[in-house]
>>> print(open('protein-v8.txt').read())   # compact mmCIF, C-alpha atoms
# COMPACT_ATOMS: atom_id res chain seq x y z
CA PHE A 686 -1.27 12.17 9.35
CA ALA A 687 0.26 9.06 7.76
CA ILE A 688 0.77 5.63 9.29
CA GLN A 689 3.69 3.31 8.59
CA THR A 690 2.88 0.76 5.93
CA ALA A 691 3.61 -2.13 8.31
CA ASP A 692 0.56 -1.09 10.37
CA ILE A 693 -1.89 -1.04 7.43
CA ILE A 694 -3.67 -3.69 5.41
CA PHE A 695 -3.96 -2.68 1.76
CA ARG A 696 -6.11 -4.13 -0.99
CA CYS A 697 -6.22 -2.73 -4.51
CA LEU A 698 -9.39 -4.05 -6.09
CA LYS A 699 -11.41 -3.62 -9.25
CA PHE A 700 -15.07 -2.99 -8.42
CA PRO A 701 -17.71 -3.38 -11.15
CA THR A 702 -19.18 0.08 -10.55
CA ILE A 703 -18.38 3.77 -10.67
CA ASP A 704 -21.09 4.75 -8.18
CA HIS A 705 -19.40 6.28 -5.11
CA ASP A 706 -21.94 4.90 -2.61
CA GLU A 707 -21.66 1.37 -4.03
CA ILE A 708 -17.85 1.63 -3.93
CA ALA A 709 -17.99 2.80 -0.29
CA SER A 710 -20.16 -0.19 0.63
CA MET A 711 -17.98 -2.67 -1.28
CA ALA A 712 -14.80 -1.21 0.24
CA ALA A 713 -16.25 -1.45 3.77
CA ASN A 714 -17.21 -5.08 3.16
CA GLN A 715 -13.74 -5.90 1.85
CA MET A 716 -12.00 -4.17 4.77
CA GLU A 717 -14.22 -6.01 7.26
CA LYS A 718 -13.42 -9.32 5.53
CA ASP A 719 -9.64 -8.67 5.67
CA ALA A 720 -9.58 -7.23 9.21
CA PRO A 721 -7.43 -9.20 11.67
CA LEU A 722 -9.34 -7.59 14.55
CA PRO A 723 -13.03 -6.93 15.25
CA VAL A 724 -14.24 -4.21 12.89
CA GLU A 725 -14.88 -1.80 15.80
CA GLU A 726 -11.13 -1.93 16.56
CA MET A 727 -10.20 -0.88 13.01
CA VAL A 728 -10.35 2.35 11.04
CA GLY A 729 -10.35 2.37 7.27
CA SER A 730 -10.79 4.36 4.14
CA PHE A 731 -10.67 3.96 0.40
CA GLU A 732 -9.51 5.95 -2.59
CA ILE A 733 -10.71 5.60 -6.16
CA LEU A 734 -7.52 5.38 -8.21
CA SER A 735 -9.15 5.26 -11.64
CA SER A 736 -12.51 4.62 -13.30
CA SER A 737 -13.66 3.43 -16.69
CA GLU A 738 -17.21 3.38 -18.02
CA ASP A 739 -18.36 0.63 -15.68
CA ALA A 740 -15.55 -0.24 -13.24
CA SER A 741 -13.22 1.36 -10.72
CA LEU A 742 -9.77 0.55 -9.37
CA VAL A 743 -10.01 1.19 -5.63
CA LEU A 744 -7.33 1.25 -2.95
CA CYS A 745 -8.76 0.06 0.38
CA ALA A 746 -6.72 0.63 3.54
CA SER A 747 -7.42 -0.27 7.13
CA ALA A 748 -5.42 -0.04 10.33
CA PRO A 749 -5.94 -0.93 13.96
CA ILE A 750 -7.25 2.04 15.93
CA ALA A 751 -4.48 1.26 18.46
CA SER A 752 -1.87 2.14 15.79
CA VAL A 753 -3.58 5.44 15.09
CA GLU A 754 -3.88 6.18 18.81
CA ARG A 755 -0.15 5.42 19.27
CA LEU A 756 0.71 7.83 16.46
CA LYS A 757 -1.59 10.49 17.93
CA LYS A 758 0.18 10.14 21.28
CA GLU A 759 3.65 10.30 19.69
CA THR A 760 2.79 13.43 17.69
CA GLY A 761 0.60 15.15 20.26
CA ALA A 762 -2.25 15.41 17.74
CA ASN A 763 -5.68 16.02 19.23
CA LEU A 764 -8.00 14.29 16.78
CA THR A 765 -11.47 13.06 17.66
CA GLN A 766 -12.61 11.66 14.32
CA PHE A 767 -10.80 9.83 11.52
CA GLU A 768 -11.94 10.58 8.01
CA ARG A 769 -9.06 9.03 6.12
CA VAL A 770 -6.20 6.63 6.72
CA ASP A 771 -3.14 7.43 4.65
CA ALA A 772 0.20 5.71 4.49
CA THR A 773 3.72 7.01 4.26
CA ALA A 774 4.22 4.74 1.22
CA LEU A 775 1.47 6.55 -0.71
CA GLY A 776 3.08 9.94 -0.09
CA LEU A 777 6.40 8.55 -1.26
CA LEU A 778 4.79 7.13 -4.39
CA ARG A 779 3.15 10.48 -5.18
CA ASN A 780 6.54 12.17 -4.87
CA LEU A 781 8.24 9.57 -7.11
CA VAL A 782 5.55 9.96 -9.77
CA ASP A 783 5.81 13.77 -9.62
CA ALA A 784 9.61 13.54 -9.95
CA LYS A 785 9.14 11.07 -12.84
CA ALA A 786 11.22 8.44 -11.00
CA VAL A 787 8.27 6.09 -11.48
CA SER A 788 7.78 6.24 -15.23
CA GLY A 789 4.22 5.00 -15.38
CA ILE A 790 5.12 2.47 -18.05
CA ARG A 791 3.66 -0.94 -17.28
CA ARG A 792 4.57 -2.60 -13.98
CA GLU A 793 7.25 -1.24 -11.63
CA ALA A 794 8.39 -2.15 -8.12
CA VAL A 795 9.55 0.34 -5.50
CA LEU A 796 11.51 -0.87 -2.48
CA ALA A 797 11.73 1.95 0.03
CA GLU A 798 13.15 2.46 3.48
CA GLU A 799 10.38 3.41 5.88
CA GLY A 800 11.46 3.78 9.48
CA ASP A 801 13.07 0.48 10.45
CA ARG A 802 11.42 -1.47 7.61
CA ILE A 803 11.49 -1.93 3.86
CA THR A 804 8.22 -1.30 2.04
CA LEU A 805 7.37 -2.85 -1.32
CA ILE A 806 5.04 -1.00 -3.68
CA VAL A 807 4.06 -2.56 -7.00
CA THR A 808 2.57 -0.17 -9.56
CA ASP A 809 0.77 -0.47 -12.88
CA SER A 810 0.93 2.72 -14.92
CA ALA A 811 2.05 4.62 -11.78
CA GLN A 812 -0.99 3.43 -9.77
CA PRO A 813 -0.34 1.26 -6.71
CA VAL A 814 -1.71 -2.27 -7.07
CA LEU A 815 0.09 -3.91 -4.14
CA ILE A 816 1.67 -2.45 -1.00
CA ARG A 817 3.23 -4.44 1.82
CA SER A 818 6.04 -4.42 4.33
CA ALA A 819 9.03 -6.43 3.06
CA GLY A 820 10.89 -6.88 6.33
CA LEU A 821 13.17 -5.21 8.85
CA ILE A 822 16.18 -3.27 7.59
CA ARG A 823 18.50 -4.61 10.28
CA SER A 824 17.89 -8.19 9.15
CA ILE A 825 17.62 -7.58 5.40
CA ASN A 826 18.60 -10.62 3.43
CA PRO A 827 18.88 -10.48 -0.39
CA GLN A 828 17.30 -13.93 -0.87
CA ALA A 829 14.40 -13.15 1.47
CA LEU A 830 13.84 -9.85 -0.37
CA VAL A 831 13.83 -11.70 -3.72
CA ASN A 832 11.32 -14.23 -2.36
CA THR A 833 9.05 -11.50 -0.93
CA THR A 834 9.16 -9.63 -4.25
CA ARG A 835 8.53 -12.80 -6.26
CA ILE A 836 5.47 -13.69 -4.14
CA ALA A 837 4.19 -10.12 -4.46
CA MET A 838 4.58 -10.27 -8.25
CA ILE A 839 2.68 -13.58 -8.40
CA GLN A 840 -0.13 -12.10 -6.30
CA THR A 841 -0.17 -9.00 -8.51
CA GLN A 842 -0.43 -11.14 -11.65
CA ILE A 843 -3.30 -13.16 -10.16
CA GLU A 844 -5.23 -10.06 -9.09
CA HIS A 845 -4.31 -7.59 -11.87
CA GLY A 846 -3.15 -9.64 -14.84
CA ALA A 847 0.21 -10.55 -16.28
CA SER A 848 2.71 -7.82 -17.14
CA ASP A 849 6.47 -7.64 -17.31
CA LEU A 850 8.29 -5.90 -14.48
CA THR A 851 9.99 -2.97 -16.22
CA HIS A 852 11.84 -1.28 -13.33
CA VAL A 853 12.86 -1.83 -9.73
CA ILE A 854 13.44 1.41 -7.85
CA CYS A 855 15.29 1.58 -4.54
CA VAL A 856 14.64 4.50 -2.21
CA SER A 857 17.13 4.15 0.63
CA ASP A 858 20.36 5.70 1.83
CA SER A 859 21.33 2.48 3.60
CA PRO A 860 24.19 0.67 1.82
CA ASN A 861 22.82 -2.56 3.31
CA VAL A 862 19.42 -2.02 1.68
CA GLN A 863 20.92 -0.84 -1.62
CA SER A 864 23.10 -3.95 -1.77
CA ALA A 865 20.18 -6.27 -0.97
CA VAL A 866 17.97 -4.63 -3.61
CA ALA A 867 20.75 -4.82 -6.22
>>> encode(input="protein-v8.txt", output="structure tokens")
Amino acid sequence: FAIQTADIIFRCLKFPTIDHDEIASMAANQMEKDAPLPVEEMVGSFEILSSSEDASLVLCASAPIASVERLKKETGANLTQFERVDATALGLLRNLVDAKAVSGIRREAVLAEEGDRITLIVTDSAQPVLIRSAGLIRSINPQALVNTTRIAMIQTQIEHGASDLTHVICVSDSPNVQSAVA
């Protein structure tokens, strides 16, 4: 059960702990802080991407319950409890890493068609560090895409340190998107 990236708020954060309960508490606090709606109208989860001796890289994701309910209605799913929010972009990234399309060397950007939108995923060593919607396919504009990517790279450098962008990967069969990404 995966939600479109445009409906999710992502934060990839380094927490100064490897304790699962502390991470859960810190992730919940971060998701509540970033929530555009009252916390009772949101559903969220987190995933520990990597850990060192005393810190963890954690992907926090939250979505409006209304988006989940809409997807349940569209699919006919009969779910009563949400244990995890996952995104289409994360499944795509897993497939690209498995196929070795994302090399895992330094920082890479993936621009992928997702429904009627373009999704931008920035990775460090094949781990997502930034995920966001980059606009509607029907109104894709090369300059706007460059600006969105540039701002995302600045944010990534601020939050995760400086690194050269080694690859830009386009996942789309739309000539319009391919041209804009090129």
>>> residues_around(input="protein-v8.txt", residues="region 698-700 of chain A", least_positions_apart="4", cutoff="10 Å", atoms="only C-alpha atoms", output="PyMOL selection string")
chain A and resi 704+707-708+711-712+715+733-736+739-745+814-815+844-845
>>> closest_residue(input="protein-v8.txt", among="A:Ala691, A:Ala709, A:Leu781, A:Val728", to="Ile750 (chain A)", atoms="all atoms listed in the file")
A:Val728
>>> atom_distance(input="protein-v8.txt", atom1="CA of Lys718 (chain A)", atom2="CA of Ile803 (chain A)")
26.0 Å
>>> atom_distance(input="protein-v8.txt", atom1="CA of Glu725 (chain A)", atom2="CA of Asp706 (chain A)")
20.8 Å
>>> closest_residue(input="protein-v8.txt", among="A:Val782, A:Gly820, A:Val862, A:Glu738", to="Thr702 (chain A)", atoms="only C-alpha atoms")
A:Glu738
>>> closest_residue(input="protein-v8.txt", among="A:Ser737, A:Ser710, A:Ser752, A:Thr804", to="Leu821 (chain A)", atoms="all atoms listed in the file")
A:Thr804
>>> closest_residue(input="protein-v8.txt", among="A:Ser747, A:Ser818, A:Asn714, A:Ser824", to="Ile694 (chain A)", atoms="all atoms listed in the file")
A:Ser747
>>> closest_residue(input="protein-v8.txt", among="A:Ile693, A:Leu722, A:Ala819, A:Leu830", to="Leu775 (chain A)", atoms="all atoms listed in the file")
A:Ile693
>>> closest_residue(input="protein-v8.txt", among="A:Val831, A:Ala867, A:Ile703, A:Cys855", to="Leu778 (chain A)", atoms="only C-alpha atoms")
A:Cys855
>>> atom_distance(input="protein-v8.txt", atom1="CA of Thr833 (chain A)", atom2="CA of Glu732 (chain A)")
25.5 Å
>>> residues_around(input="protein-v8.txt", residues="Ile790 (chain A)", least_positions_apart="2", cutoff="8 Å", atoms="all atoms listed in the file", output="list in words")
Ser788, Arg792, Glu793, Asp809, Ser810, Ala811 and Thr851 of chain A
